[in-house]
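*Asks:* You'll find query39.tsv just under this line, and it carries TSV, C-alpha atoms.
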```tsv
chain	number	residue	atom	x	y	z
A	5	THR	CA	-43.53	192.11	30.13
A	6	LYS	CA	-41.83	190.52	27.14
A	7	PRO	CA	-43.74	187.16	27.15
A	8	GLN	CA	-46.99	189.05	26.60
A	9	PHE	CA	-45.85	190.02	23.10
A	10	GLU	CA	-44.67	186.66	21.79
A	11	ALA	CA	-46.33	185.76	18.50
A	12	THR	CA	-47.95	182.53	19.73
A	13	HIS	CA	-49.32	184.18	22.88
A	14	THR	CA	-50.68	187.14	20.91
A	15	ALA	CA	-52.38	184.83	18.41
A	16	ALA	CA	-53.94	182.77	21.24
A	17	GLU	CA	-55.30	185.90	22.96
A	18	LEU	CA	-56.75	187.17	19.71
A	19	LEU	CA	-58.40	183.80	19.03
A	20	LYS	CA	-60.43	184.28	22.17
A	21	CYS	CA	-62.22	187.14	20.41
A	22	GLY	CA	-63.86	184.63	18.11
A	23	ARG	CA	-61.77	185.07	14.95
A	24	ALA	CA	-58.16	184.63	13.84
A	25	PRO	CA	-56.47	187.82	12.55
A	26	PRO	CA	-54.67	187.66	9.19
A	27	PRO	CA	-50.88	187.15	9.29
A	28	SER	CA	-50.32	190.67	7.99
A	29	GLU	CA	-52.09	192.09	11.01
A	30	ILE	CA	-49.94	190.05	13.39
A	31	VAL	CA	-46.80	191.28	11.60
A	32	ARG	CA	-48.01	194.88	11.88
A	33	ILE	CA	-48.69	194.50	15.59
A	34	GLN	CA	-45.28	192.95	16.23
A	35	ALA	CA	-43.56	195.78	14.29
A	36	ALA	CA	-45.47	198.33	16.36
A	37	ILE	CA	-44.39	196.57	19.58
A	38	ALA	CA	-40.76	196.73	18.37
A	39	GLU	CA	-41.10	200.48	17.81
A	40	ILE	CA	-42.47	200.90	21.34
A	41	PHE	CA	-39.44	199.08	22.75
A	42	ALA	CA	-37.16	201.39	20.72
A	43	ALA	CA	-38.96	204.49	22.02
A	44	LEU	CA	-38.49	203.26	25.60
A	45	GLY	CA	-34.77	202.58	25.01
A	46	GLY	CA	-35.03	198.81	25.00
A	47	TRP	CA	-32.78	198.29	22.02
A	48	GLU	CA	-32.14	194.60	22.57
A	49	GLU	CA	-35.90	193.90	22.90
A	50	SER	CA	-36.59	196.07	19.84
A	51	ALA	CA	-34.00	194.18	17.80
A	52	ALA	CA	-35.48	190.83	18.89
A	53	ALA	CA	-39.01	191.94	17.95
A	54	HIS	CA	-37.87	193.14	14.53
A	55	GLU	CA	-36.05	189.85	14.03
A	56	GLN	CA	-39.34	187.97	14.66
A	57	VAL	CA	-41.05	190.10	12.02
A	58	LEU	CA	-38.27	189.47	9.52
A	59	ARG	CA	-38.45	185.72	10.03
A	60	LYS	CA	-42.06	185.84	8.84
A	61	ARG	CA	-41.57	188.51	6.21
A	62	PRO	CA	-37.94	189.10	5.13
A	63	THR	CA	-38.96	191.95	2.82
A	64	HIS	CA	-40.50	194.08	5.58
A	65	THR	CA	-38.47	197.27	5.07
A	66	THR	CA	-39.81	198.98	8.21
A	67	SER	CA	-38.43	196.21	10.40
A	68	LEU	CA	-35.16	196.20	8.47
A	69	VAL	CA	-34.75	199.92	9.16
A	70	GLY	CA	-35.79	199.43	12.79
A	71	LYS	CA	-33.28	196.60	13.17
A	72	ALA	CA	-30.60	198.89	11.78
A	73	ALA	CA	-31.51	201.63	14.25
A	74	ALA	CA	-31.36	199.22	17.20
A	75	ALA	CA	-28.02	197.83	16.00
A	76	ALA	CA	-26.63	201.38	15.65
A	77	ALA	CA	-27.67	202.14	19.25
A	78	MET	CA	-25.79	199.01	20.35
A	79	LEU	CA	-22.78	199.99	18.15
A	80	ASP	CA	-23.20	196.90	15.98
A	81	TYR	CA	-22.31	198.68	12.74
A	82	ALA	CA	-21.92	195.53	10.65
A	83	THR	CA	-25.59	194.69	11.33
A	84	VAL	CA	-26.59	198.28	10.50
A	85	GLY	CA	-24.99	198.19	7.06
A	86	GLU	CA	-26.34	194.75	6.29
A	87	ALA	CA	-29.91	195.65	7.32
A	88	ILE	CA	-30.10	198.91	5.35
A	89	GLU	CA	-28.51	197.41	2.24
A	90	THR	CA	-31.04	194.55	2.41
A	91	ALA	CA	-33.84	197.12	2.76
A	92	GLN	CA	-32.53	198.92	-0.33
A	93	ILE	CA	-32.72	195.65	-2.26
A	94	TYR	CA	-36.41	195.34	-1.26
A	95	GLY	CA	-37.34	198.84	-2.33
A	96	LEU	CA	-36.09	201.28	0.30
A	97	GLN	CA	-35.02	204.58	-1.27
A	98	LEU	CA	-32.32	205.91	0.97
A	99	SER	CA	-32.69	209.44	-0.43
A	100	LEU	CA	-36.31	209.46	0.84
A	101	ALA	CA	-35.60	207.74	4.14
A	102	ALA	CA	-35.70	209.46	7.50
A	103	SER	CA	-32.72	211.51	8.60
A	104	GLU	CA	-32.03	209.09	11.48
A	105	THR	CA	-31.79	206.20	9.03
A	106	LYS	CA	-29.31	208.07	6.83
A	107	VAL	CA	-27.18	209.04	9.81
A	108	ALA	CA	-27.21	205.46	11.13
A	109	TYR	CA	-26.20	204.04	7.76
A	110	GLY	CA	-23.46	206.61	7.19
A	111	THR	CA	-22.09	206.14	10.70
A	112	ALA	CA	-22.04	202.38	10.19
A	113	LEU	CA	-20.05	202.74	6.98
A	114	MET	CA	-17.61	205.14	8.62
A	115	GLU	CA	-17.02	202.87	11.63
A	116	LEU	CA	-16.42	199.89	9.38
A	117	ALA	CA	-13.93	202.00	7.40
A	118	ARG	CA	-12.20	203.02	10.64
A	119	GLY	CA	-11.49	199.36	11.39
A	120	LEU	CA	-10.10	198.84	7.90
A	121	VAL	CA	-7.80	201.87	8.24
A	122	LYS	CA	-6.38	200.40	11.45
A	123	GLU	CA	-5.66	197.20	9.51
A	124	ASN	CA	-3.98	199.24	6.72
A	125	LYS	CA	-6.66	198.20	4.22
A	126	PHE	CA	-6.85	201.65	2.73
A	127	LYS	CA	-8.49	200.90	-0.62
A	128	GLU	CA	-11.46	199.12	1.00
A	129	ALA	CA	-11.75	201.91	3.58
A	130	GLN	CA	-11.79	204.62	0.90
A	131	ALA	CA	-14.77	203.05	-0.84
A	132	LEU	CA	-16.77	202.91	2.42
A	133	LEU	CA	-15.86	206.48	3.39
A	134	ARG	CA	-16.85	207.87	0.01
A	135	ALA	CA	-20.17	206.00	0.23
A	136	ALA	CA	-20.75	207.38	3.74
A	137	LEU	CA	-20.15	210.95	2.58
A	138	LYS	CA	-22.64	210.49	-0.28
A	139	VAL	CA	-25.49	209.18	1.89
A	140	ASP	CA	-26.98	212.67	2.14
A	141	ALA	CA	-25.27	215.24	-0.05
A	142	SER	CA	-27.80	217.98	0.86
A	143	ARG	CA	-26.25	218.65	4.27
A	144	THR	CA	-23.16	218.07	6.35
A	145	MET	CA	-23.58	214.81	8.23
A	146	PRO	CA	-22.65	214.61	11.94
A	147	TYR	CA	-19.87	212.16	11.14
A	148	ALA	CA	-18.44	214.20	8.24
A	149	ILE	CA	-15.41	215.46	10.19
A	150	ASP	CA	-14.37	211.95	11.17
A	151	ALA	CA	-15.03	210.64	7.65
A	152	TRP	CA	-12.91	213.30	5.94
A	153	ARG	CA	-10.20	212.87	8.59
A	154	LEU	CA	-10.04	209.12	7.96
A	155	LEU	CA	-10.04	209.68	4.21
A	156	CYS	CA	-7.19	212.20	4.58
A	157	ARG	CA	-5.21	209.67	6.61
A	158	ALA	CA	-5.84	206.86	4.11
A	159	TYR	CA	-4.70	208.93	1.12
A	160	SER	CA	-1.63	210.23	2.99
A	161	LYS	CA	-0.58	206.71	3.95
A	162	GLN	CA	-0.76	205.74	0.27
A	163	ARG	CA	1.25	208.86	-0.72
A	164	LYS	CA	-1.50	210.09	-3.05
A	165	ALA	CA	-0.76	213.80	-2.93
A	166	GLU	CA	-3.61	215.23	-5.03
A	167	SER	CA	-6.34	213.11	-3.42
A	168	SER	CA	-4.84	213.77	0.00
A	169	LEU	CA	-4.88	217.52	-0.64
A	170	PHE	CA	-8.60	217.42	-1.44
A	171	ALA	CA	-9.60	215.26	1.54
A	172	CYS	CA	-7.35	217.06	4.04
A	173	SER	CA	-8.62	220.45	2.83
A	174	ARG	CA	-12.21	219.39	3.50
A	175	ALA	CA	-11.32	218.04	6.93
A	176	HIS	CA	-9.35	221.18	7.76
A	177	GLY	CA	-12.25	223.35	6.67
A	178	LEU	CA	-14.64	221.55	9.03
A	179	SER	CA	-12.19	221.44	11.95
A	180	PRO	CA	-9.07	223.66	11.63
A	181	HIS	CA	-7.56	222.51	14.94
A	182	LEU	CA	-6.74	218.89	14.01
A	183	GLY	CA	-2.96	218.53	14.17
A	184	ASP	CA	-2.62	215.37	12.08
A	185	VAL	CA	-4.81	216.86	9.36
A	186	GLN	CA	-2.70	220.04	9.24
A	187	GLU	CA	0.48	218.00	8.94
A	188	SER	CA	-0.92	215.88	6.11
A	189	LEU	CA	-2.26	219.00	4.40
A	190	ASP	CA	1.16	220.71	4.43
A	191	TRP	CA	2.80	217.61	2.97
A	192	ALA	CA	0.14	217.31	0.26
A	193	ARG	CA	0.50	220.97	-0.76
A	194	GLN	CA	4.27	220.71	-1.08
A	195	LYS	CA	4.03	217.45	-3.02
A	196	VAL	CA	1.39	218.81	-5.39
A	197	LYS	CA	3.63	221.81	-6.17
A	198	GLU	CA	6.47	219.46	-7.04
A	199	ILE	CA	4.19	217.31	-9.18
A	200	GLN	CA	2.85	220.37	-10.99
A	201	LYS	CA	6.37	221.66	-11.60
A	202	ASP	CA	7.49	218.30	-13.02
A	203	LYS	CA	4.38	218.15	-15.17
A	204	GLU	CA	5.01	221.62	-16.58
A	205	GLY	CA	8.63	220.66	-17.29
A	206	ARG	CA	7.58	217.52	-19.17
A	207	GLU	CA	4.97	219.44	-21.14
A	208	ARG	CA	7.54	222.11	-22.04
A	209	MET	CA	10.03	219.48	-23.22
A	210	GLU	CA	7.36	217.72	-25.27
A	211	ARG	CA	6.28	221.02	-26.80
A	212	GLU	CA	9.86	221.94	-27.69
A	213	THR	CA	10.40	218.48	-29.19
A	214	ARG	CA	7.27	218.86	-31.33
A	215	GLU	CA	8.29	222.35	-32.46
A	216	ARG	CA	11.81	221.18	-33.29
A	217	ALA	CA	10.46	218.23	-35.28
A	218	ALA	CA	8.04	220.53	-37.11
A	219	LYS	CA	10.87	222.93	-38.00
A	220	GLN	CA	13.02	220.08	-39.28
A	221	GLU	CA	10.15	218.73	-41.34
A	222	LYS	CA	9.43	222.18	-42.73
A	223	ALA	CA	13.09	222.75	-43.58
A	224	LYS	CA	13.26	219.34	-45.27
A	225	HIS	CA	10.13	220.12	-47.28
A	226	GLU	CA	11.45	223.54	-48.30
A	227	LYS	CA	14.79	222.03	-49.27
A	228	THR	CA	13.04	219.46	-51.47
A	229	ASN	CA	10.95	222.18	-53.13
A	230	ASP	CA	14.00	224.38	-53.63
A	231	GLU	CA	15.91	221.54	-55.27
A	232	TRP	CA	12.97	220.81	-57.52
A	233	LYS	CA	12.62	224.47	-58.48
A	234	TRP	CA	16.39	224.87	-58.82
A	235	PHE	CA	16.89	221.97	-61.19
A	236	GLY	CA	13.44	221.55	-62.70
A	237	GLY	CA	11.84	224.97	-62.79
A	238	ASP	CA	8.31	224.76	-64.13
A	239	GLY	CA	9.18	221.81	-66.35
A	240	GLU	CA	8.75	223.82	-69.57
A	241	TRP	CA	12.33	223.57	-70.84
A	242	HIS	CA	11.06	222.41	-74.23
A	243	LYS	CA	9.18	225.70	-74.73
A	244	GLY	CA	12.30	227.80	-74.48
A	245	ARG	CA	11.60	229.14	-71.00
A	246	GLY	CA	14.42	227.29	-69.28
A	247	GLY	CA	14.32	225.85	-65.77
A	248	GLY	CA	15.54	226.52	-62.25
A	249	ARG	CA	17.14	229.92	-61.71
A	250	GLY	CA	16.91	230.72	-65.39
A	251	ASN	CA	13.18	230.18	-65.57
A	252	LYS	CA	11.51	233.34	-66.88
A	253	ARG	CA	8.29	232.37	-65.09
A	254	GLY	CA	9.96	232.54	-61.68
A	255	GLY	CA	10.48	228.84	-61.00
A	256	GLY	CA	13.56	229.17	-58.79
A	257	SER	CA	13.29	230.13	-55.12
A	258	ARG	CA	16.96	230.98	-54.56
A	259	LYS	CA	17.98	234.59	-54.72
A	260	GLN	CA	19.93	235.46	-57.82
A	261	GLU	CA	23.48	236.50	-57.18
A	262	PRO	CA	24.39	239.96	-58.47
A	263	LYS	CA	25.92	239.87	-61.89
A	264	SER	CA	29.53	240.83	-62.23
A	265	PRO	CA	29.90	242.76	-65.50
A	266	GLY	CA	33.67	242.59	-65.40
A	267	LYS	CA	34.02	238.80	-65.25
A	268	GLN	CA	32.67	236.08	-67.48
A	269	ALA	CA	31.32	232.67	-66.38
A	270	PRO	CA	33.76	229.73	-66.09
A	271	ARG	CA	34.90	228.37	-69.41
A	272	GLY	CA	33.86	224.81	-68.55
A	273	LEU	CA	30.18	225.70	-68.70
A	274	TYR	CA	30.58	226.89	-72.28
A	275	ASP	CA	32.44	223.72	-73.20
A	276	ILE	CA	29.51	221.60	-72.02
A	277	LEU	CA	27.19	223.46	-74.41
A	278	GLU	CA	29.89	223.45	-77.12
A	279	LEU	CA	30.07	227.25	-77.15
A	280	LYS	CA	32.71	229.96	-76.91
A	281	PRO	CA	32.72	232.50	-74.06
A	282	SER	CA	32.18	235.28	-76.57
A	283	CYS	CA	28.75	233.96	-77.51
A	284	LYS	CA	25.40	235.67	-76.89
A	285	LYS	CA	22.52	234.55	-74.68
A	286	ALA	CA	20.53	233.62	-77.75
A	287	ASP	CA	23.36	231.25	-78.74
A	288	ILE	CA	23.20	229.66	-75.30
A	289	LYS	CA	19.47	228.95	-75.67
A	290	ARG	CA	19.85	227.51	-79.15
A	291	ALA	CA	22.71	225.27	-78.06
A	292	TYR	CA	20.78	224.11	-75.04
A	293	HIS	CA	17.73	223.07	-77.06
A	294	LYS	CA	19.86	221.34	-79.64
A	295	LEU	CA	21.86	219.33	-77.11
A	296	SER	CA	18.86	218.58	-74.87
A	297	LEU	CA	17.02	217.05	-77.81
A	298	LYS	CA	20.13	215.11	-78.76
A	299	TRP	CA	20.78	213.70	-75.29
A	300	HIS	CA	17.21	213.29	-74.05
A	301	PRO	CA	16.93	209.84	-72.32
A	302	ASP	CA	13.83	208.94	-74.33
A	303	LYS	CA	15.80	209.30	-77.55
A	304	ASN	CA	18.74	207.24	-76.32
A	305	PRO	CA	17.42	203.81	-75.28
A	306	ASP	CA	19.72	200.89	-74.60
A	307	LYS	CA	20.85	199.07	-77.73
A	308	THR	CA	20.70	195.31	-78.10
A	309	ASP	CA	23.98	195.08	-80.03
A	310	THR	CA	25.95	196.66	-77.14
A	311	PRO	CA	24.60	195.00	-73.99
A	312	ASN	CA	27.59	196.09	-71.89
A	313	VAL	CA	26.95	199.80	-72.51
A	314	ASN	CA	24.06	201.58	-70.77
A	315	GLU	CA	23.27	204.28	-73.33
A	316	GLN	CA	20.18	205.55	-71.51
A	317	LYS	CA	22.06	206.11	-68.22
A	318	ILE	CA	24.86	207.93	-70.04
A	319	ALA	CA	22.26	210.11	-71.76
A	320	GLU	CA	20.57	210.94	-68.43
A	321	GLU	CA	23.87	212.11	-66.93
A	322	LYS	CA	24.72	214.15	-70.01
A	323	PHE	CA	21.21	215.64	-70.09
A	324	ARG	CA	21.45	216.67	-66.43
A	325	GLU	CA	24.90	218.19	-66.99
A	326	ILE	CA	23.58	220.20	-69.94
A	327	ALA	CA	20.60	221.49	-67.91
A	328	VAL	CA	22.81	222.63	-65.02
A	329	ALA	CA	25.25	224.36	-67.33
A	330	TYR	CA	22.39	226.10	-69.12
A	331	GLN	CA	20.89	227.38	-65.86
A	332	GLU	CA	24.25	228.67	-64.63
A	333	LEU	CA	25.01	230.41	-67.90
A	334	LEU	CA	21.63	232.14	-68.02
A	335	LEU	CA	22.43	233.59	-64.64
A	336	ARG	CA	26.13	234.36	-64.98
A	337	HIS	CA	26.73	235.05	-68.65
A	338	VAL	CA	27.18	238.70	-69.55
A	339	ASP	CA	27.17	239.73	-73.18
A	340	GLY	CA	30.29	241.68	-74.05
A	341	ALA	CA	32.25	240.82	-70.91
A	342	PRO	CA	36.00	240.34	-71.32
A	343	VAL	CA	36.94	236.75	-72.06
A	344	GLU	CA	39.70	235.03	-70.19
A	345	PRO	CA	42.46	233.74	-72.47
A	346	GLU	CA	42.76	230.11	-73.31
A	347	PRO	CA	44.76	228.14	-70.74
A	348	HIS	CA	47.47	227.27	-73.26
A	349	CYS	CA	47.86	230.93	-74.19
A	350	ILE	CA	48.51	232.28	-70.73
A	351	ASN	CA	52.24	232.54	-71.25
A	352	CYS	CA	52.08	233.40	-74.97
```
Represent the structure contained in this file as structure tokens.

*Replies:*
Amino acid sequence: TKPQFEATHTAAELLKCGRAPPPSEIVRIQAAIAEIFAALGGWEESAAAHEQVLRKRPTHTTSLVGKAAAAAAMLDYATVGEAIETAQIYGLQLSLAASETKVAYGTALMELARGLVKENKFKEAQALLRAALKVDASRTMPYAIDAWRLLCRAYSKQRKAESSLFACSRAHGLSPHLGDVQESLDWARQKVKEIQKDKEGRERMERETRERAAKQEKAKHEKTNDEWKWFGGDGEWHKGRGGGRGNKRGGGSRKQEPKSPGKQAPRGLYDILELKPSCKKADIKRAYHKLSLKWHPDKNPDKTDTPNVNEQKIAEEKFREIAVAYQELLLRHVDGAPVEPEPHCINC
């Protein structure tokens, strides 16, 4: 009977043998008695015996595991989780524990999560369910179907399509005949397709935007280079090689227009270089070098006696006008082409 195994009675009986056993021996005997009660199906007596052991030695992992097993048999899952987590603190390695201990702990976590799902506390329930499924990853636990089913329900209630698809697929694989799982799985598949389609559309738009921006940047860069080559050439105007389209070293990037042997360049270009349309290309080069040296900005600084006149700015504009006229004439001037009559002689 139960009174025979009380700690005080056991110690008194052992004292009759002539010596007092050490406390560790009494704890071991009480733990063994608790295991006997568990083997006989006396879960309440087993839990009480383990509780007596834990009052003397709170770190006794064997009694903590035994208490958890008794609580699991009585469907007291809160006590199961608390006992096993306490045992883990005191050195229990759950990966090396007995299969019954793992199943009891996982079942306790799942049942606690079930209560949270009923209360619509889905985030807390998800953490417990994931922990329950990781108790023993080497095999499928007996409660795995219920755990995946609850996880599928929790994700579906939160409208998390991708997570719901994963959990519902696992639950459907373990038990294909669950109607609520099939319904959630169909919704998750449809939603994931829509999400994937929207994602591809956004990625395509972003890619097109990047490509368009790259093209605009490239066009802007090419335009800047073309303008530099068009007006500046290789910068060796002072060596007689010209600049822009007239650069003999190939400075310009624009295609040269075909020359028209029957028509001379506009007369205004010759006036800028102080030439006549009947001149030769050699005359154009000599006039260009003469005028460019005359109107170079470095040789025309502002004068102190005329503060209201900006001589250097005027020289820069004149210098630029001379360079453009020179480049155009090198391209368009044709030696020996017929010369248009002077404007005042049209009606002569």

*Asks:* List every residue of region 39-80 of chain A that has an atom at most 9 Å from any atom of region 102-124 of chain A, giving for each one its closest atom pair and the distance in Å to one decimal, counting all atoms listed in the file, sorted by chain and then by ascending residue number, as CSV.

*Replies:*
```
residue,atom,partner,partner_atom,distance
A:Val69,CA,A:Thr105,CA,6.9
A:Gly70,CA,A:Thr105,CA,8.7
A:Ala72,CA,A:Ala108,CA,7.4
A:Ala73,CA,A:Ala108,CA,6.5
A:Ala76,CA,A:Ala108,CA,6.1
A:Ala77,CA,A:Ala108,CA,8.8
A:Leu79,CA,A:Ala112,CA,8.3
A:Asp80,CA,A:Ala112,CA,8.1
```

*Asks:* Need to verify the contact set: His176 (chain A), 9 Å, all atoms listed in the file, exclusion of same-chain residues closer than 3 positions in sequence. Can you return it as a PyMOL selection string?

*Replies:* chain A and resi 149+152-153+171-173+179-182+185-186+189

*Asks:* Do a neighbour search on region 161-166 of chain A at 9 Å with only C-alpha atoms, toss out local chain neighbours closer than 6 positions, and write the hits as a list in words.

*Replies:* Asn124, Phe126, Trp191, Ala192, Arg193, Gln194, Lys195, Val196 and Ile199 of chain A

*Asks:* Taking 6 positions as the minimum chain separation for residues in the same chain, which residues sit within 8 Å of Trp47 (chain A) when counting all atoms listed in the file? Answer as a list in words.

*Replies:*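 Here the qualifying residues turn out to be Phe41, Ala74, Ala75, Ala77 and Met78 of chain A.
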